[in-house]
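Have a look at the structure below before the remarks.
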Amino acid sequence: MSLRALASAAALALWGGAVAAECRLALALGLDVSGSVDVMEYRLQLDGVANALTHPEVIAAIVSTPGASVALGVYEWSGPDFQRVLVDWTLLQGPADVVEAAERLRGAGRVVSDPSTAIGASMLFGARMLGAAPACWRQVIDISGDGKSNTGPHPRDVSVPGDVMINALVIGGELIDPAENRAVLLPELSAYFRAYILRGPDAFVETARGFHDFEDAMVRKLKRELMVVAVSDLGPDAPARPRGQ
């Protein structure tokens, strides 16, 4: 039996007993809209998330555990004091819910924002957002970005609750670091996110080779986060099993 089938069978068995759960994952997606992101790249990012959410394999992963939905929240960020919620917490209980959330993203327009890049502040906002999320087995923040933090608290100094995981989607390209006046290559930027932004033992970095690759990278990332529910997350009486196996 596949791991996904095993997890689903365990979930169904638990729902038939005393243990019941309504949400298996609260996922807060934070999107970089700092000055390095132009109008076209902004649209590629929002439409990329919308298209990734409605990708058939992502929808299948979202609805793979009947009775245990996914809660989605999406926000954009730039400077220390600019964070805007695009999709407030929404329970994705079926394909129609996913399509509705995607349409909100497609209909969102850009507003004037601080052009600086405050990744630490975006992490703190994601943690506060998760504080208002539905009760879920897991809490995950995803920070997408195309540059290093240059204002606000440094990401390495940011503390989030211990049960919150932070993953990253790093967007490559010919970005010039204004502080050093040089191009920042994708491997360097990935190493920066890995060193200072990831939180949690299973946290990971996904990469996009520019904004035109953002949608495909988001599909890969969402599938990885949604693919398997650890049996140990299904309730206090379930047998423990390491995540990701």
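Note on naming: chains are A, B, ... as they come in the structure tokens, residues start from 1 per chain, ligands start from 1 in the order shown.
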
Using only C-alpha atoms, which protein or nucleic acid residues come within 8 Å of A:Asp32? Drop anything in the same chain fewer than 6 positions from it, and give the result as a short mmCIF file (atom, residue, chain, number, x, y, z; two decimals) with N, CA, C and O atoms, in the first residue's frame.
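around_22.cif was written with the following content:
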```
data_model
loop_
_atom_site.label_atom_id
_atom_site.label_comp_id
_atom_site.auth_asym_id
_atom_site.auth_seq_id
_atom_site.Cartn_x
_atom_site.Cartn_y
_atom_site.Cartn_z
N GLU A 76 0.83 39.63 0.65
CA GLU A 76 1.99 40.18 -0.03
C GLU A 76 2.73 41.10 0.93
O GLU A 76 2.15 41.64 1.87
N TRP A 77 4.03 41.27 0.69
CA TRP A 77 4.85 42.04 1.63
C TRP A 77 5.96 42.76 0.88
O TRP A 77 6.36 42.38 -0.22
N SER A 78 6.45 43.83 1.49
CA SER A 78 7.64 44.50 0.96
C SER A 78 8.42 45.07 2.14
O SER A 78 9.21 44.36 2.76
N THR A 117 12.89 45.71 1.11
CA THR A 117 12.68 44.27 1.27
C THR A 117 12.89 43.88 2.73
O THR A 117 14.02 43.80 3.20
N ILE A 143 7.65 31.80 2.32
CA ILE A 143 8.12 33.12 1.91
C ILE A 143 8.71 33.01 0.51
O ILE A 143 9.69 32.30 0.30
N SER A 144 8.11 33.73 -0.44
CA SER A 144 8.67 33.82 -1.79
C SER A 144 9.42 35.14 -1.90
O SER A 144 8.93 36.18 -1.45
N GLY A 145 10.61 35.11 -2.52
CA GLY A 145 11.36 36.34 -2.65
C GLY A 145 12.45 36.25 -3.69
O GLY A 145 12.92 35.16 -4.02
N ASP A 146 12.85 37.45 -4.20
CA ASP A 146 13.90 37.48 -5.22
C ASP A 146 15.12 38.26 -4.77
O ASP A 146 15.97 38.63 -5.58
#
```

> Contacts of stretch 37-52 of chain A at 10 Å or less, counting only C-alpha atoms, minus same-chain residues fewer than 3 places along, as an MDAnalysis selection string?
Replying inline: chainID A and resid 29 31:34 55:59 74 76 78 86 98:110 115 144:147 175 210:223

Exercise: A:Ala127 partners within 10 Å, only C-alpha atoms, chain neighbours under 5 positions left out, as an mmCIF file with all heavy atoms, in the first residue's frame:
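The new file result.cif reads:
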```
data_model
loop_
_atom_site.group_PDB
_atom_site.id
_atom_site.type_symbol
_atom_site.label_atom_id
_atom_site.label_comp_id
_atom_site.auth_asym_id
_atom_site.auth_seq_id
_atom_site.Cartn_x
_atom_site.Cartn_y
_atom_site.Cartn_z
ATOM 1 N N ALA A 28 0.258 29.639 5.011
ATOM 2 C CA ALA A 28 0.287 31.079 4.745
ATOM 3 C C ALA A 28 1.345 31.370 3.692
ATOM 4 O O ALA A 28 2.534 31.139 3.925
ATOM 5 C CB ALA A 28 0.580 31.855 6.025
ATOM 6 N N ALA A 121 10.248 41.056 8.758
ATOM 7 C CA ALA A 121 8.905 41.533 9.062
ATOM 8 C C ALA A 121 7.845 40.660 8.399
ATOM 9 O O ALA A 121 6.769 40.423 8.962
ATOM 10 C CB ALA A 121 8.754 42.990 8.613
ATOM 11 N N SER A 122 8.151 40.148 7.200
ATOM 12 C CA SER A 122 7.183 39.277 6.521
ATOM 13 C C SER A 122 7.018 37.960 7.262
ATOM 14 O O SER A 122 5.916 37.390 7.310
ATOM 15 C CB SER A 122 7.620 39.018 5.075
ATOM 16 O OG SER A 122 8.674 38.065 5.000
ATOM 17 N N ALA A 132 -4.271 33.507 13.844
ATOM 18 C CA ALA A 132 -5.708 33.646 13.618
ATOM 19 C C ALA A 132 -6.258 32.565 12.701
ATOM 20 O O ALA A 132 -7.423 32.628 12.295
ATOM 21 C CB ALA A 132 -6.002 35.023 13.014
ATOM 22 N N ALA A 133 -5.432 31.575 12.364
ATOM 23 C CA ALA A 133 -5.855 30.509 11.453
ATOM 24 C C ALA A 133 -6.747 29.497 12.169
ATOM 25 O O ALA A 133 -6.736 29.402 13.401
ATOM 26 C CB ALA A 133 -4.631 29.790 10.887
ATOM 27 N N GLN A 139 1.290 23.975 10.856
ATOM 28 C CA GLN A 139 1.270 25.386 10.470
ATOM 29 C C GLN A 139 2.539 25.689 9.670
ATOM 30 O O GLN A 139 3.650 25.461 10.149
ATOM 31 C CB GLN A 139 1.200 26.284 11.699
ATOM 32 C CG GLN A 139 -0.116 26.159 12.461
ATOM 33 C CD GLN A 139 -0.265 27.254 13.507
ATOM 34 O OE1 GLN A 139 0.687 27.632 14.172
ATOM 35 N NE2 GLN A 139 -1.475 27.781 13.638
ATOM 36 N N VAL A 140 2.354 26.218 8.477
ATOM 37 C CA VAL A 140 3.476 26.459 7.572
ATOM 38 C C VAL A 140 3.367 27.859 6.971
ATOM 39 O O VAL A 140 2.294 28.278 6.536
ATOM 40 C CB VAL A 140 3.516 25.416 6.431
ATOM 41 C CG1 VAL A 140 4.632 25.736 5.441
ATOM 42 C CG2 VAL A 140 3.699 24.015 6.996
ATOM 43 N N ILE A 141 4.503 28.577 6.970
ATOM 44 C CA ILE A 141 4.627 29.840 6.251
ATOM 45 C C ILE A 141 5.530 29.603 5.051
ATOM 46 O O ILE A 141 6.561 28.942 5.169
ATOM 47 C CB ILE A 141 5.257 30.936 7.135
ATOM 48 C CG1 ILE A 141 4.428 31.167 8.408
ATOM 49 C CG2 ILE A 141 5.411 32.240 6.362
ATOM 50 C CD1 ILE A 141 5.136 32.042 9.433
ATOM 51 N N SER A 159 12.050 35.258 15.710
ATOM 52 C CA SER A 159 11.575 34.045 16.386
ATOM 53 C C SER A 159 10.111 33.825 16.050
ATOM 54 O O SER A 159 9.310 34.764 16.067
ATOM 55 C CB SER A 159 11.746 34.172 17.903
ATOM 56 O OG SER A 159 13.107 34.277 18.254
ATOM 57 N N VAL A 160 9.769 32.583 15.739
ATOM 58 C CA VAL A 160 8.382 32.199 15.513
ATOM 59 C C VAL A 160 8.073 31.027 16.440
ATOM 60 O O VAL A 160 8.994 30.379 16.943
ATOM 61 C CB VAL A 160 8.127 31.799 14.035
ATOM 62 C CG1 VAL A 160 8.405 32.970 13.106
ATOM 63 C CG2 VAL A 160 8.967 30.598 13.641
ATOM 64 N N PRO A 161 6.805 30.760 16.720
ATOM 65 C CA PRO A 161 6.482 29.607 17.573
ATOM 66 C C PRO A 161 7.151 28.332 17.070
ATOM 67 O O PRO A 161 7.312 28.117 15.861
ATOM 68 C CB PRO A 161 4.958 29.527 17.470
ATOM 69 C CG PRO A 161 4.532 30.938 17.198
ATOM 70 C CD PRO A 161 5.606 31.517 16.318
ATOM 71 N N VAL A 164 5.813 26.157 14.168
ATOM 72 C CA VAL A 164 5.623 26.776 12.858
ATOM 73 C C VAL A 164 6.820 26.461 11.960
ATOM 74 O O VAL A 164 7.964 26.688 12.334
ATOM 75 C CB VAL A 164 5.444 28.299 12.982
ATOM 76 C CG1 VAL A 164 5.457 28.959 11.609
ATOM 77 C CG2 VAL A 164 4.139 28.626 13.708
ATOM 78 N N MET A 165 6.548 25.938 10.778
ATOM 79 C CA MET A 165 7.586 25.695 9.779
ATOM 80 C C MET A 165 7.594 26.846 8.793
ATOM 81 O O MET A 165 6.531 27.375 8.445
ATOM 82 C CB MET A 165 7.322 24.382 9.044
ATOM 83 C CG MET A 165 8.308 24.082 7.921
ATOM 84 S SD MET A 165 7.832 22.622 6.948
ATOM 85 C CE MET A 165 8.054 21.340 8.177
ATOM 86 N N ILE A 166 8.781 27.254 8.345
ATOM 87 C CA ILE A 166 8.896 28.254 7.280
ATOM 88 C C ILE A 166 9.678 27.657 6.133
ATOM 89 O O ILE A 166 10.843 27.282 6.289
ATOM 90 C CB ILE A 166 9.571 29.551 7.763
ATOM 91 C CG1 ILE A 166 8.794 30.168 8.929
ATOM 92 C CG2 ILE A 166 9.658 30.545 6.604
ATOM 93 C CD1 ILE A 166 9.365 31.491 9.417
#
```

> Nearest to A:Thr65: which of A:Gln93, A:Asp202, A:Gly79, A:Val87 is it, counting only C-alpha atoms?
Replying inline: A:Gln93

According to DSSP computed on the backbone, where in stretch 15-232 of chain A is there alpha helix (DSSP H)? Give the residues as an mmCIF file with N, CA, C and O atoms, in the first residue's frame.
```cif
data_model
loop_
_atom_site.group_PDB
_atom_site.id
_atom_site.type_symbol
_atom_site.label_atom_id
_atom_site.label_comp_id
_atom_site.auth_asym_id
_atom_site.auth_seq_id
_atom_site.Cartn_x
_atom_site.Cartn_y
_atom_site.Cartn_z
ATOM 1 N N TRP A 15 -11.306 8.867 12.092
ATOM 2 C CA TRP A 15 -12.563 9.595 12.031
ATOM 3 C C TRP A 15 -13.734 8.728 12.458
ATOM 4 O O TRP A 15 -14.746 9.214 12.957
ATOM 5 N N VAL A 39 5.807 45.385 -12.689
ATOM 6 C CA VAL A 39 4.379 45.129 -12.895
ATOM 7 C C VAL A 39 4.154 43.755 -13.518
ATOM 8 O O VAL A 39 3.254 43.006 -13.108
ATOM 9 N N MET A 40 4.934 43.406 -14.529
ATOM 10 C CA MET A 40 4.774 42.107 -15.173
ATOM 11 C C MET A 40 5.092 40.971 -14.199
ATOM 12 O O MET A 40 4.374 39.966 -14.139
ATOM 13 N N GLU A 41 6.160 41.130 -13.425
ATOM 14 C CA GLU A 41 6.552 40.093 -12.469
ATOM 15 C C GLU A 41 5.514 39.946 -11.355
ATOM 16 O O GLU A 41 5.263 38.832 -10.868
ATOM 17 N N TYR A 42 4.912 41.054 -10.965
ATOM 18 C CA TYR A 42 3.830 40.993 -9.974
ATOM 19 C C TYR A 42 2.701 40.109 -10.485
ATOM 20 O O TYR A 42 2.196 39.235 -9.775
ATOM 21 N N ARG A 43 2.312 40.333 -11.750
ATOM 22 C CA ARG A 43 1.218 39.553 -12.326
ATOM 23 C C ARG A 43 1.599 38.083 -12.481
ATOM 24 O O ARG A 43 0.784 37.183 -12.221
ATOM 25 N N LEU A 44 2.850 37.829 -12.901
ATOM 26 C CA LEU A 44 3.305 36.449 -13.036
ATOM 27 C C LEU A 44 3.261 35.734 -11.677
ATOM 28 O O LEU A 44 2.960 34.537 -11.614
ATOM 29 N N GLN A 45 3.545 36.464 -10.611
ATOM 30 C CA GLN A 45 3.564 35.854 -9.287
ATOM 31 C C GLN A 45 2.148 35.512 -8.811
ATOM 32 O O GLN A 45 1.878 34.374 -8.414
ATOM 33 N N LEU A 46 1.220 36.475 -8.886
ATOM 34 C CA LEU A 46 -0.139 36.210 -8.402
ATOM 35 C C LEU A 46 -0.856 35.187 -9.276
ATOM 36 O O LEU A 46 -1.496 34.252 -8.766
ATOM 37 N N ASP A 47 -0.739 35.349 -10.594
ATOM 38 C CA ASP A 47 -1.365 34.375 -11.484
ATOM 39 C C ASP A 47 -0.682 33.012 -11.362
ATOM 40 O O ASP A 47 -1.331 31.972 -11.511
ATOM 41 N N GLY A 48 0.627 33.025 -11.073
ATOM 42 C CA GLY A 48 1.344 31.768 -10.889
ATOM 43 C C GLY A 48 0.833 30.987 -9.695
ATOM 44 O O GLY A 48 0.684 29.758 -9.759
ATOM 45 N N VAL A 49 0.557 31.691 -8.585
ATOM 46 C CA VAL A 49 -0.022 31.008 -7.422
ATOM 47 C C VAL A 49 -1.406 30.485 -7.760
ATOM 48 O O VAL A 49 -1.755 29.339 -7.435
ATOM 49 N N ALA A 50 -2.218 31.315 -8.430
ATOM 50 C CA ALA A 50 -3.575 30.895 -8.791
ATOM 51 C C ALA A 50 -3.549 29.656 -9.684
ATOM 52 O O ALA A 50 -4.294 28.688 -9.467
ATOM 53 N N ASN A 51 -2.690 29.674 -10.691
ATOM 54 C CA ASN A 51 -2.601 28.533 -11.606
ATOM 55 C C ASN A 51 -2.041 27.299 -10.909
ATOM 56 O O ASN A 51 -2.455 26.165 -11.206
ATOM 57 N N ALA A 52 -1.096 27.499 -9.990
ATOM 58 C CA ALA A 52 -0.532 26.364 -9.253
ATOM 59 C C ALA A 52 -1.587 25.721 -8.363
ATOM 60 O O ALA A 52 -1.682 24.492 -8.270
ATOM 61 N N LEU A 53 -2.391 26.545 -7.700
ATOM 62 C CA LEU A 53 -3.438 26.002 -6.833
ATOM 63 C C LEU A 53 -4.438 25.161 -7.618
ATOM 64 O O LEU A 53 -4.949 24.150 -7.110
ATOM 65 N N PRO A 56 -4.156 20.279 -11.639
ATOM 66 C CA PRO A 56 -4.864 19.046 -11.252
ATOM 67 C C PRO A 56 -4.173 18.251 -10.155
ATOM 68 O O PRO A 56 -4.838 17.718 -9.249
ATOM 69 N N GLU A 57 -2.841 18.165 -10.204
ATOM 70 C CA GLU A 57 -2.136 17.376 -9.190
ATOM 71 C C GLU A 57 -2.153 18.065 -7.831
ATOM 72 O O GLU A 57 -2.157 17.402 -6.792
ATOM 73 N N VAL A 58 -2.167 19.395 -7.814
ATOM 74 C CA VAL A 58 -2.246 20.125 -6.551
ATOM 75 C C VAL A 58 -3.642 19.995 -5.950
ATOM 76 O O VAL A 58 -3.803 19.756 -4.750
ATOM 77 N N ILE A 59 -4.674 20.136 -6.789
ATOM 78 C CA ILE A 59 -6.036 19.942 -6.285
ATOM 79 C C ILE A 59 -6.195 18.536 -5.725
ATOM 80 O O ILE A 59 -6.786 18.335 -4.653
ATOM 81 N N ALA A 60 -5.662 17.541 -6.420
ATOM 82 C CA ALA A 60 -5.752 16.159 -5.938
ATOM 83 C C ALA A 60 -5.082 16.020 -4.580
ATOM 84 O O ALA A 60 -5.582 15.305 -3.694
ATOM 85 N N ALA A 61 -3.953 16.703 -4.391
ATOM 86 C CA ALA A 61 -3.261 16.632 -3.107
ATOM 87 C C ALA A 61 -4.052 17.342 -2.013
ATOM 88 O O ALA A 61 -4.104 16.883 -0.868
ATOM 89 N N ILE A 62 -4.687 18.456 -2.361
ATOM 90 C CA ILE A 62 -5.464 19.206 -1.374
ATOM 91 C C ILE A 62 -6.632 18.375 -0.849
ATOM 92 O O ILE A 62 -6.928 18.370 0.343
ATOM 93 N N PRO A 95 -12.643 21.168 -4.688
ATOM 94 C CA PRO A 95 -12.130 21.939 -5.829
ATOM 95 C C PRO A 95 -12.761 23.318 -5.967
ATOM 96 O O PRO A 95 -12.076 24.269 -6.361
ATOM 97 N N ALA A 96 -14.033 23.457 -5.645
ATOM 98 C CA ALA A 96 -14.692 24.755 -5.792
ATOM 99 C C ALA A 96 -14.063 25.802 -4.881
ATOM 100 O O ALA A 96 -13.926 26.969 -5.261
ATOM 101 N N ASP A 97 -13.668 25.394 -3.676
ATOM 102 C CA ASP A 97 -13.015 26.326 -2.762
ATOM 103 C C ASP A 97 -11.662 26.766 -3.307
ATOM 104 O O ASP A 97 -11.261 27.924 -3.161
ATOM 105 N N VAL A 98 -10.943 25.843 -3.918
ATOM 106 C CA VAL A 98 -9.638 26.165 -4.498
ATOM 107 C C VAL A 98 -9.803 27.153 -5.646
ATOM 108 O O VAL A 98 -9.059 28.144 -5.751
ATOM 109 N N VAL A 99 -10.757 26.907 -6.513
ATOM 110 C CA VAL A 99 -10.996 27.792 -7.653
ATOM 111 C C VAL A 99 -11.384 29.188 -7.174
ATOM 112 O O VAL A 99 -10.914 30.198 -7.722
ATOM 113 N N GLU A 100 -12.204 29.270 -6.145
ATOM 114 C CA GLU A 100 -12.617 30.581 -5.617
ATOM 115 C C GLU A 100 -11.419 31.361 -5.088
ATOM 116 O O GLU A 100 -11.276 32.563 -5.345
ATOM 117 N N ALA A 101 -10.533 30.688 -4.341
ATOM 118 C CA ALA A 101 -9.336 31.356 -3.824
ATOM 119 C C ALA A 101 -8.444 31.813 -4.972
ATOM 120 O O ALA A 101 -7.881 32.916 -4.951
ATOM 121 N N ALA A 102 -8.305 30.974 -5.998
ATOM 122 C CA ALA A 102 -7.479 31.327 -7.151
ATOM 123 C C ALA A 102 -8.036 32.548 -7.873
ATOM 124 O O ALA A 102 -7.278 33.430 -8.308
ATOM 125 N N GLU A 103 -9.352 32.645 -7.992
ATOM 126 C CA GLU A 103 -9.963 33.779 -8.676
ATOM 127 C C GLU A 103 -9.735 35.074 -7.905
ATOM 128 O O GLU A 103 -9.599 36.153 -8.504
ATOM 129 N N ARG A 104 -9.696 34.998 -6.585
ATOM 130 C CA ARG A 104 -9.391 36.202 -5.807
ATOM 131 C C ARG A 104 -7.993 36.712 -6.128
ATOM 132 O O ARG A 104 -7.763 37.926 -6.217
ATOM 133 N N LEU A 105 -7.060 35.805 -6.295
ATOM 134 C CA LEU A 105 -5.697 36.210 -6.640
ATOM 135 C C LEU A 105 -5.633 36.794 -8.043
ATOM 136 O O LEU A 105 -4.961 37.802 -8.286
ATOM 137 N N ARG A 106 -6.335 36.170 -8.970
ATOM 138 C CA ARG A 106 -6.328 36.685 -10.345
ATOM 139 C C ARG A 106 -6.957 38.074 -10.420
ATOM 140 O O ARG A 106 -6.611 38.880 -11.289
ATOM 141 N N ILE A 119 12.276 40.959 4.862
ATOM 142 C CA ILE A 119 11.887 39.551 4.985
ATOM 143 C C ILE A 119 11.554 39.194 6.427
ATOM 144 O O ILE A 119 10.615 38.448 6.697
ATOM 145 N N GLY A 120 12.334 39.718 7.389
ATOM 146 C CA GLY A 120 12.055 39.424 8.788
ATOM 147 C C GLY A 120 10.656 39.850 9.187
ATOM 148 O O GLY A 120 9.930 39.109 9.859
ATOM 149 N N ALA A 121 10.248 41.056 8.758
ATOM 150 C CA ALA A 121 8.905 41.533 9.062
ATOM 151 C C ALA A 121 7.845 40.660 8.399
ATOM 152 O O ALA A 121 6.769 40.423 8.962
ATOM 153 N N SER A 122 8.151 40.148 7.200
ATOM 154 C CA SER A 122 7.183 39.277 6.521
ATOM 155 C C SER A 122 7.018 37.960 7.262
ATOM 156 O O SER A 122 5.916 37.390 7.310
ATOM 157 N N MET A 123 8.099 37.468 7.853
ATOM 158 C CA MET A 123 8.020 36.242 8.649
ATOM 159 C C MET A 123 7.168 36.458 9.893
ATOM 160 O O MET A 123 6.327 35.614 10.260
ATOM 161 N N LEU A 124 7.369 37.599 10.552
ATOM 162 C CA LEU A 124 6.586 37.909 11.751
ATOM 163 C C LEU A 124 5.106 38.069 11.412
ATOM 164 O O LEU A 124 4.235 37.613 12.164
ATOM 165 N N PHE A 125 4.815 38.701 10.270
ATOM 166 C CA PHE A 125 3.421 38.857 9.868
ATOM 167 C C PHE A 125 2.789 37.499 9.592
ATOM 168 O O PHE A 125 1.643 37.242 9.978
ATOM 169 N N GLY A 126 3.534 36.617 8.914
ATOM 170 C CA GLY A 126 3.008 35.279 8.661
ATOM 171 C C GLY A 126 2.705 34.534 9.940
ATOM 172 O O GLY A 126 1.688 33.831 10.038
ATOM 173 N N ALA A 127 3.562 34.694 10.949
ATOM 174 C CA ALA A 127 3.321 34.036 12.233
ATOM 175 C C ALA A 127 2.079 34.605 12.909
ATOM 176 O O ALA A 127 1.279 33.859 13.489
ATOM 177 N N ARG A 128 1.902 35.933 12.835
ATOM 178 C CA ARG A 128 0.690 36.534 13.418
ATOM 179 C C ARG A 128 -0.554 36.059 12.667
ATOM 180 O O ARG A 128 -1.603 35.802 13.267
ATOM 181 N N MET A 129 -0.417 35.942 11.362
ATOM 182 C CA MET A 129 -1.549 35.465 10.562
ATOM 183 C C MET A 129 -1.926 34.043 10.965
ATOM 184 O O MET A 129 -3.109 33.705 11.088
ATOM 185 N N LEU A 130 -0.923 33.204 11.173
ATOM 186 C CA LEU A 130 -1.201 31.837 11.605
ATOM 187 C C LEU A 130 -1.881 31.808 12.965
ATOM 188 O O LEU A 130 -2.632 30.878 13.274
ATOM 189 N N GLY A 131 -1.625 32.824 13.811
ATOM 190 C CA GLY A 131 -2.281 32.891 15.106
ATOM 191 C C GLY A 131 -3.789 33.031 14.996
ATOM 192 O O GLY A 131 -4.510 32.717 15.948
ATOM 193 N N LEU A 186 21.380 32.838 -8.210
ATOM 194 C CA LEU A 186 20.397 31.984 -7.556
ATOM 195 C C LEU A 186 21.001 31.095 -6.476
ATOM 196 O O LEU A 186 20.421 30.987 -5.382
ATOM 197 N N PRO A 187 22.152 30.444 -6.688
ATOM 198 C CA PRO A 187 22.717 29.622 -5.601
ATOM 199 C C PRO A 187 23.029 30.428 -4.341
ATOM 200 O O PRO A 187 22.803 29.957 -3.221
ATOM 201 N N GLU A 188 23.536 31.648 -4.517
ATOM 202 C CA GLU A 188 23.834 32.497 -3.361
ATOM 203 C C GLU A 188 22.559 32.883 -2.625
ATOM 204 O O GLU A 188 22.489 32.850 -1.392
ATOM 205 N N LEU A 189 21.536 33.243 -3.386
ATOM 206 C CA LEU A 189 20.276 33.645 -2.761
ATOM 207 C C LEU A 189 19.612 32.464 -2.062
ATOM 208 O O LEU A 189 19.068 32.603 -0.961
ATOM 209 N N SER A 190 19.690 31.288 -2.670
ATOM 210 C CA SER A 190 19.135 30.091 -2.039
ATOM 211 C C SER A 190 19.849 29.792 -0.722
ATOM 212 O O SER A 190 19.216 29.434 0.276
ATOM 213 N N ALA A 191 21.169 29.943 -0.716
ATOM 214 C CA ALA A 191 21.941 29.705 0.503
ATOM 215 C C ALA A 191 21.553 30.702 1.590
ATOM 216 O O ALA A 191 21.484 30.354 2.781
ATOM 217 N N TYR A 192 21.292 31.946 1.193
ATOM 218 C CA TYR A 192 20.874 32.982 2.152
ATOM 219 C C TYR A 192 19.533 32.603 2.787
ATOM 220 O O TYR A 192 19.372 32.661 4.011
ATOM 221 N N PHE A 193 18.569 32.220 1.972
ATOM 222 C CA PHE A 193 17.256 31.828 2.498
ATOM 223 C C PHE A 193 17.385 30.592 3.385
ATOM 224 O O PHE A 193 16.741 30.494 4.428
ATOM 225 N N ARG A 194 18.237 29.649 2.965
ATOM 226 C CA ARG A 194 18.406 28.424 3.743
ATOM 227 C C ARG A 194 19.030 28.727 5.109
ATOM 228 O O ARG A 194 18.654 28.140 6.119
ATOM 229 N N ALA A 195 19.957 29.665 5.145
ATOM 230 C CA ALA A 195 20.673 29.973 6.380
ATOM 231 C C ALA A 195 19.828 30.784 7.356
ATOM 232 O O ALA A 195 19.903 30.572 8.572
ATOM 233 N N TYR A 196 19.007 31.716 6.842
ATOM 234 C CA TYR A 196 18.391 32.693 7.733
ATOM 235 C C TYR A 196 16.870 32.640 7.816
ATOM 236 O O TYR A 196 16.285 33.198 8.752
ATOM 237 N N PHE A 214 8.066 30.784 -12.058
ATOM 238 C CA PHE A 214 7.484 30.816 -10.713
ATOM 239 C C PHE A 214 6.335 29.823 -10.567
ATOM 240 O O PHE A 214 6.234 29.111 -9.575
ATOM 241 N N GLU A 215 5.451 29.778 -11.562
ATOM 242 C CA GLU A 215 4.287 28.884 -11.473
ATOM 243 C C GLU A 215 4.706 27.426 -11.314
ATOM 244 O O GLU A 215 4.190 26.704 -10.441
ATOM 245 N N ASP A 216 5.635 26.963 -12.138
ATOM 246 C CA ASP A 216 6.084 25.570 -12.052
ATOM 247 C C ASP A 216 6.743 25.292 -10.698
ATOM 248 O O ASP A 216 6.550 24.213 -10.114
ATOM 249 N N ALA A 217 7.516 26.256 -10.205
ATOM 250 C CA ALA A 217 8.156 26.083 -8.901
ATOM 251 C C ALA A 217 7.118 26.014 -7.790
ATOM 252 O O ALA A 217 7.249 25.219 -6.845
ATOM 253 N N MET A 218 6.074 26.832 -7.896
ATOM 254 C CA MET A 218 5.016 26.811 -6.882
ATOM 255 C C MET A 218 4.269 25.481 -6.909
ATOM 256 O O MET A 218 3.905 24.939 -5.855
ATOM 257 N N VAL A 219 4.045 24.922 -8.088
ATOM 258 C CA VAL A 219 3.419 23.604 -8.189
ATOM 259 C C VAL A 219 4.272 22.563 -7.462
ATOM 260 O O VAL A 219 3.756 21.759 -6.664
ATOM 261 N N ARG A 220 5.567 22.575 -7.721
ATOM 262 C CA ARG A 220 6.456 21.604 -7.067
ATOM 263 C C ARG A 220 6.413 21.763 -5.545
ATOM 264 O O ARG A 220 6.367 20.770 -4.808
ATOM 265 N N LYS A 221 6.434 22.998 -5.093
ATOM 266 C CA LYS A 221 6.464 23.247 -3.659
ATOM 267 C C LYS A 221 5.166 22.812 -2.992
ATOM 268 O O LYS A 221 5.171 22.148 -1.955
ATOM 269 N N LEU A 222 4.038 23.181 -3.584
ATOM 270 C CA LEU A 222 2.750 22.808 -2.999
ATOM 271 C C LEU A 222 2.573 21.288 -2.967
ATOM 272 O O LEU A 222 2.077 20.738 -1.979
ATOM 273 N N LYS A 223 2.969 20.611 -4.026
ATOM 274 C CA LYS A 223 2.858 19.144 -4.044
ATOM 275 C C LYS A 223 3.705 18.535 -2.935
ATOM 276 O O LYS A 223 3.271 17.581 -2.274
ATOM 277 N N ARG A 224 4.879 19.078 -2.715
ATOM 278 C CA ARG A 224 5.750 18.544 -1.663
ATOM 279 C C ARG A 224 5.147 18.754 -0.272
ATOM 280 O O ARG A 224 5.228 17.882 0.586
ATOM 281 N N GLU A 225 4.520 19.909 -0.075
ATOM 282 C CA GLU A 225 3.932 20.201 1.238
ATOM 283 C C GLU A 225 2.642 19.432 1.488
ATOM 284 O O GLU A 225 2.322 19.097 2.630
ATOM 285 N N LEU A 226 1.919 19.127 0.439
ATOM 286 C CA LEU A 226 0.603 18.517 0.577
ATOM 287 C C LEU A 226 0.596 17.014 0.379
ATOM 288 O O LEU A 226 -0.385 16.343 0.725
#
```

>> Could you pull out the strand (DSSP E) residues of stretch 26-241 of chain A, going by DSSP on the backbone, and write them as an MDAnalysis selection string?
In response: chainID A and resid 26:32 69:77 83:92 138:145 164:171 175:177 182:184 205:208

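Nearest residue to A:Ala118 among A:Gly35, A:Trp89, A:Asn167, A:Val63 is A:Gly35, counting only C-alpha atoms.
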
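The closest residue to A:Ser69, picked from A:Glu22, A:Glu206, A:Asp157, A:Asp163 and counting only C-alpha atoms, is A:Glu22.
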
> Do you have the atom CA of A:Ile171-atom CA of A:Gln83 distance handy?
Replying inline: 19.3 Å
